[in-house]
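Accompanying notes for the structure given below.
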Amino acid sequence: MANPENMNNKNTNEKNTNEDVISNLPEDILHEFLIRLPLRDAVRTSALSREWRDKWRSIQELVFNYDAGCFKFPYHDYQICIYQVVLNHRGTIIKFSLKVPPFMRHSTIDQLILHLLRNHHVRDFTLAPYRMGRYRMTSHFFAFRELTVLRLSHCTLTPPPQFQGFKNLVKIVFHEVRFLPAAFERFISQCPRLESLSLSSKSNLDSLEVAGPSLRIFACHGFVKSIHFKSCPVLAQVTLCTPCYCRKHMILSNTKASSYQRLLQFTSAGHAPNQFPCLKVLDLSMSLNSTKEFTEAFSFIRHSQNLETLIFRLWQRGWDANVLVMIQEQETPNPYLSKLKKIELHRYSGTVHQTKLLKYLLTSATGLEYMVIVPASNYKPSVDLCVQTMGYPWASPAARLIVRSPHTQ
């Protein structure tokens, strides 16, 4: 005869097994769960049960990425799907990201932005129109007063005269974004809390003026003639990756230096002020067959006396004996390099110029902890790099050499 107590335990266990534990979670936890799902899967949860039918409508992040298969529909149906998701959403949208598929009309993007502006408080905004058609940003976009993160690509920005800036914006990522002359400087200057600015473009940029009292991170990947850092007292990390054959010269200054000769005069006195006192990381593309590029790079270093990490991405498309002379004439040990803890040489191919530079850096950096060499992919040294550098004079006895494969990040 069955024990009644065991029967009750069995029924209780079956009841616990059939209970919907996930649906009974607090609403904030459910929202976190839905946000971490791809948007397509989050919307599909509406088919689970009556209780789940409307839960996706209140998630605060909408990310549409056509390439990632967000919704695997033809172009026209994908546009309709975006409209349905946005219009049927009932909660507040804080993050909105749209990778625009081909043939989506610009008027459709305008209408989506207008709807977001009327009904939501977007703080994180990403828009990447299809690269074959540059999108001219609607004037309604500039009314997003609460933006903190902005990512744009293949757009043209024309701030209206009444634009007062994004006062809360802390991060900008622009890829192939165009401005009217002087509009970029005005736009950046009206973002007083901006901490991170990243620019990339394949087209020529004549001159950039960057002003930011809160700017800590600056990166520029592209073709630029000059960069003027105006009032960037807390700048801590700079990346300048510009192919040497596409720029005439680079003006890297924190003053009103307006020409290459002015920069040379300013830095040749030997007592240049520490204009970037907070700069800790400097990442530069540099051609060793150009005396201009070598001078520009080391003038930037002289103005950044608290550097801890220095990264050189080397290019060499010829021969210039003057560069060898300039390397040999550098002071050793160099007080401007005394606080360096890490140096990286990328695309190292063992040329005479690069070998001289390597020896100079090892001789000058008295506080060095790591020397990282990333050889060029086609470089096959006759002698192992570790063996080569053993005979070089190392100013820091505690420094370690690391040879990293060019195929690893």
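All residue names refer to the structure tokens as shown: chains lettered A, B, ... in order, residues numbered from 1 in each chain, ligands numbered from 1 in order.
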
Which residues, written as a list in words, have at least one atom at most 8 Å from Lys171 (chain A), with only C-alpha atoms counted and residues fewer than 2 positions away on the same chain left out?
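Result of the neighbour search: Thr148, Val149, Leu150, Leu169, Val173, Leu194, Glu195, Ser196 and Leu197 of chain A.
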
I need the residues from that last selection saved to file as a CSV table (one decimal), in the first residue's frame (with all heavy atoms), if you can.
```
chain,number,residue,atom,x,y,z
A,148,THR,N,24.4,60.4,-24.6
A,148,THR,CA,25.7,60.2,-23.9
A,148,THR,C,26.7,59.5,-24.8
A,148,THR,O,27.9,59.7,-24.7
A,148,THR,CB,25.5,59.4,-22.6
A,148,THR,OG1,24.9,58.1,-22.9
A,148,THR,CG2,24.6,60.2,-21.6
A,149,VAL,N,26.2,58.6,-25.7
A,149,VAL,CA,27.0,57.9,-26.6
A,149,VAL,C,26.5,58.1,-28.1
A,149,VAL,O,25.3,57.8,-28.3
A,149,VAL,CB,27.1,56.4,-26.3
A,149,VAL,CG1,28.0,55.6,-27.3
A,149,VAL,CG2,27.7,56.2,-24.9
A,150,LEU,N,27.4,58.4,-29.0
A,150,LEU,CA,26.9,58.6,-30.4
A,150,LEU,C,27.9,57.9,-31.3
A,150,LEU,O,29.1,58.2,-31.3
A,150,LEU,CB,26.9,60.1,-30.7
A,150,LEU,CG,26.6,60.5,-32.1
A,150,LEU,CD1,25.2,60.0,-32.5
A,150,LEU,CD2,26.6,62.1,-32.3
A,169,LEU,N,26.9,64.4,-23.7
A,169,LEU,CA,27.7,63.5,-24.6
A,169,LEU,C,29.1,63.2,-24.1
A,169,LEU,O,29.8,64.2,-23.8
A,169,LEU,CB,27.7,64.0,-26.0
A,169,LEU,CG,28.1,63.0,-27.1
A,169,LEU,CD1,27.1,61.9,-27.2
A,169,LEU,CD2,28.2,63.7,-28.5
A,173,VAL,N,32.0,58.2,-31.9
A,173,VAL,CA,32.7,57.4,-32.9
A,173,VAL,C,32.1,57.8,-34.2
A,173,VAL,O,30.9,57.5,-34.5
A,173,VAL,CB,32.5,55.9,-32.6
A,173,VAL,CG1,33.2,55.1,-33.7
A,173,VAL,CG2,33.0,55.5,-31.2
A,194,LEU,N,32.6,65.7,-23.3
A,194,LEU,CA,33.1,64.7,-24.1
A,194,LEU,C,34.4,64.1,-23.6
A,194,LEU,O,35.4,64.9,-23.3
A,194,LEU,CB,33.3,65.3,-25.5
A,194,LEU,CG,33.7,64.3,-26.6
A,194,LEU,CD1,32.7,63.2,-26.8
A,194,LEU,CD2,34.0,65.0,-27.9
A,195,GLU,N,34.5,62.8,-23.5
A,195,GLU,CA,35.7,62.1,-22.9
A,195,GLU,C,36.4,61.3,-24.0
A,195,GLU,O,37.6,61.1,-23.9
A,195,GLU,CB,35.3,61.2,-21.7
A,195,GLU,CG,34.8,62.0,-20.6
A,195,GLU,CD,34.4,61.0,-19.4
A,195,GLU,OE1,34.7,59.8,-19.6
A,195,GLU,OE2,33.8,61.5,-18.4
A,196,SER,N,35.7,60.8,-25.0
A,196,SER,CA,36.3,59.9,-26.0
A,196,SER,C,35.9,60.3,-27.4
A,196,SER,O,34.7,60.4,-27.6
A,196,SER,CB,36.0,58.5,-25.7
A,196,SER,OG,36.5,57.6,-26.7
A,197,LEU,N,36.8,60.6,-28.3
A,197,LEU,CA,36.5,61.0,-29.7
A,197,LEU,C,37.3,60.1,-30.6
A,197,LEU,O,38.6,60.1,-30.5
A,197,LEU,CB,36.9,62.4,-29.9
A,197,LEU,CG,36.7,63.0,-31.3
A,197,LEU,CD1,35.3,62.8,-31.8
A,197,LEU,CD2,37.2,64.5,-31.3
```

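With only C-alpha atoms taken into account, the protein and nucleic acid residues at most 9 Å from region 380-389 of chain A (excluding it and anything under 5 positions from it in its own chain) are Ser349, Gly350, Leu358, Lys359, Ile373, Pro375, Trp394, Leu401, Ile402 and Val403 of chain A.
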
Rows by chain and residue number, region 148-255 of chain A within 12 Å of region 121-130 of chain A, shortest pair, only C-alpha atoms, as a tab-separated table:
```
residue	atom	partner	partner_atom	distance
A:Thr148	CA	A:Arg123	CA	5.2
A:Val149	CA	A:Asp124	CA	4.6
A:Leu150	CA	A:Phe125	CA	5.1
A:Arg151	CA	A:Thr126	CA	4.6
A:Leu152	CA	A:Leu127	CA	5.1
A:Ser153	CA	A:Ala128	CA	4.9
A:His154	CA	A:Pro129	CA	6.2
A:Cys155	CA	A:Pro129	CA	7.4
A:Thr156	CA	A:Pro129	CA	10.9
A:Phe166	CA	A:Arg123	CA	10.6
A:Lys167	CA	A:Arg123	CA	11.7
A:Asn168	CA	A:Arg123	CA	8.9
A:Leu169	CA	A:Arg123	CA	8.5
A:Val170	CA	A:Asp124	CA	10.3
A:Lys171	CA	A:Asp124	CA	9.4
A:Ile172	CA	A:Phe125	CA	10.0
A:Val173	CA	A:Thr126	CA	9.1
A:Phe174	CA	A:Ala128	CA	10.0
A:His175	CA	A:Ala128	CA	8.9
A:Glu176	CA	A:Ala128	CA	10.1
A:Val177	CA	A:Ala128	CA	10.3
```

List as a tab-separated table (two decimals) with N, CA, C and O atoms, in the first residue's frame the protein and nucleic acid residues near Trp315 (chain A), meaning an atom at most 7 Å away when only C-alpha atoms are counted, but skip any in the same chain fewer than 2 places from it.
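Output contents, as saved in result-v2.tsv:
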```tsv
chain	number	residue	atom	x	y	z
A	286	MET	N	54.35	56.05	-38.13
A	286	MET	CA	55.53	56.87	-38.40
A	286	MET	C	56.35	56.27	-39.54
A	286	MET	O	56.62	55.06	-39.55
A	287	SER	N	56.72	57.12	-40.48
A	287	SER	CA	57.58	56.71	-41.58
A	287	SER	C	59.02	57.05	-41.25
A	287	SER	O	59.34	58.21	-40.94
A	288	LEU	N	59.91	56.08	-41.33
A	288	LEU	CA	61.32	56.30	-41.03
A	288	LEU	C	62.11	56.74	-42.25
A	288	LEU	O	63.33	56.84	-42.21
A	313	ARG	N	53.84	52.44	-35.15
A	313	ARG	CA	53.45	51.57	-36.26
A	313	ARG	C	54.27	52.03	-37.47
A	313	ARG	O	53.97	53.05	-38.08
A	317	ARG	N	59.15	53.37	-46.95
A	317	ARG	CA	59.00	53.22	-48.40
A	317	ARG	C	60.14	53.94	-49.12
A	317	ARG	O	59.92	54.67	-50.06
```

Non-local contacts of Glu329 (chain A) (12 Å; only C-alpha atoms; under 4 positions in same chain excluded) as a VMD selection string:
chain A and resid 322 to 325 333 to 334 356 to 357 360

For the residues in the current selection, export all heavy atoms as a compact mmCIF listing (two decimals), in the first residue's frame.
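File again-v5.txt, as written:
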```
# COMPACT_ATOMS: atom_id res chain seq x y z
N ASN A 322 69.16 61.24 -43.60
CA ASN A 322 69.00 62.27 -42.57
C ASN A 322 68.29 61.73 -41.34
O ASN A 322 68.54 62.20 -40.22
CB ASN A 322 68.22 63.46 -43.14
CG ASN A 322 69.01 64.22 -44.19
OD1 ASN A 322 70.24 64.33 -44.09
ND2 ASN A 322 68.33 64.73 -45.20
N VAL A 323 67.41 60.76 -41.54
CA VAL A 323 66.71 60.17 -40.40
C VAL A 323 67.70 59.44 -39.51
O VAL A 323 67.63 59.52 -38.27
CB VAL A 323 65.59 59.22 -40.87
CG1 VAL A 323 64.95 58.52 -39.67
CG2 VAL A 323 64.53 59.99 -41.65
N LEU A 324 68.65 58.73 -40.12
CA LEU A 324 69.68 58.04 -39.33
C LEU A 324 70.48 59.04 -38.51
O LEU A 324 70.77 58.81 -37.33
CB LEU A 324 70.61 57.26 -40.25
CG LEU A 324 70.04 56.00 -40.91
CD1 LEU A 324 71.07 55.40 -41.87
CD2 LEU A 324 69.63 54.99 -39.87
N VAL A 325 70.82 60.17 -39.12
CA VAL A 325 71.57 61.20 -38.41
C VAL A 325 70.75 61.74 -37.25
O VAL A 325 71.25 61.95 -36.14
CB VAL A 325 71.97 62.33 -39.37
CG1 VAL A 325 72.63 63.47 -38.61
CG2 VAL A 325 72.88 61.80 -40.47
N PRO A 333 70.82 58.79 -22.07
CA PRO A 333 69.39 58.47 -22.00
C PRO A 333 68.55 59.73 -22.10
O PRO A 333 68.98 60.79 -21.67
CB PRO A 333 69.25 57.81 -20.64
CG PRO A 333 70.38 58.36 -19.82
CD PRO A 333 71.51 58.58 -20.78
N ASN A 334 67.38 59.59 -22.67
CA ASN A 334 66.52 60.74 -22.94
C ASN A 334 65.56 60.95 -21.77
O ASN A 334 64.77 60.06 -21.44
CB ASN A 334 65.72 60.50 -24.22
CG ASN A 334 65.07 61.77 -24.73
OD1 ASN A 334 64.66 62.63 -23.96
ND2 ASN A 334 64.97 61.88 -26.05
N LYS A 356 68.34 51.08 -35.76
CA LYS A 356 68.85 52.26 -35.04
C LYS A 356 67.82 52.77 -34.04
O LYS A 356 68.15 53.14 -32.91
CB LYS A 356 69.22 53.36 -36.03
CG LYS A 356 70.49 53.10 -36.83
CD LYS A 356 71.74 53.27 -35.96
CE LYS A 356 73.01 53.15 -36.80
NZ LYS A 356 74.23 53.28 -35.98
N LEU A 357 66.59 52.82 -34.47
CA LEU A 357 65.52 53.30 -33.59
C LEU A 357 65.36 52.37 -32.39
O LEU A 357 65.22 52.83 -31.25
CB LEU A 357 64.20 53.40 -34.36
CG LEU A 357 62.98 53.83 -33.53
CD1 LEU A 357 63.16 55.24 -33.00
CD2 LEU A 357 61.71 53.73 -34.38
N TYR A 360 68.16 52.93 -29.99
CA TYR A 360 68.01 54.21 -29.31
C TYR A 360 66.97 54.13 -28.19
O TYR A 360 67.20 54.62 -27.07
CB TYR A 360 67.61 55.28 -30.31
CG TYR A 360 67.12 56.54 -29.65
CD1 TYR A 360 68.00 57.37 -28.95
CD2 TYR A 360 65.78 56.88 -29.68
CE1 TYR A 360 67.54 58.52 -28.31
CE2 TYR A 360 65.32 58.03 -29.05
CZ TYR A 360 66.21 58.84 -28.37
OH TYR A 360 65.76 59.96 -27.73
```

Extract the full set of strand (DSSP E) residues from region 90-134 of chain A according to DSSP on the backbone, and format it as a list in words.
Lys95, Phe96, Ser97, Leu98, Lys99, Asp124, Phe125, Thr126, Leu127 and Ala128 of chain A
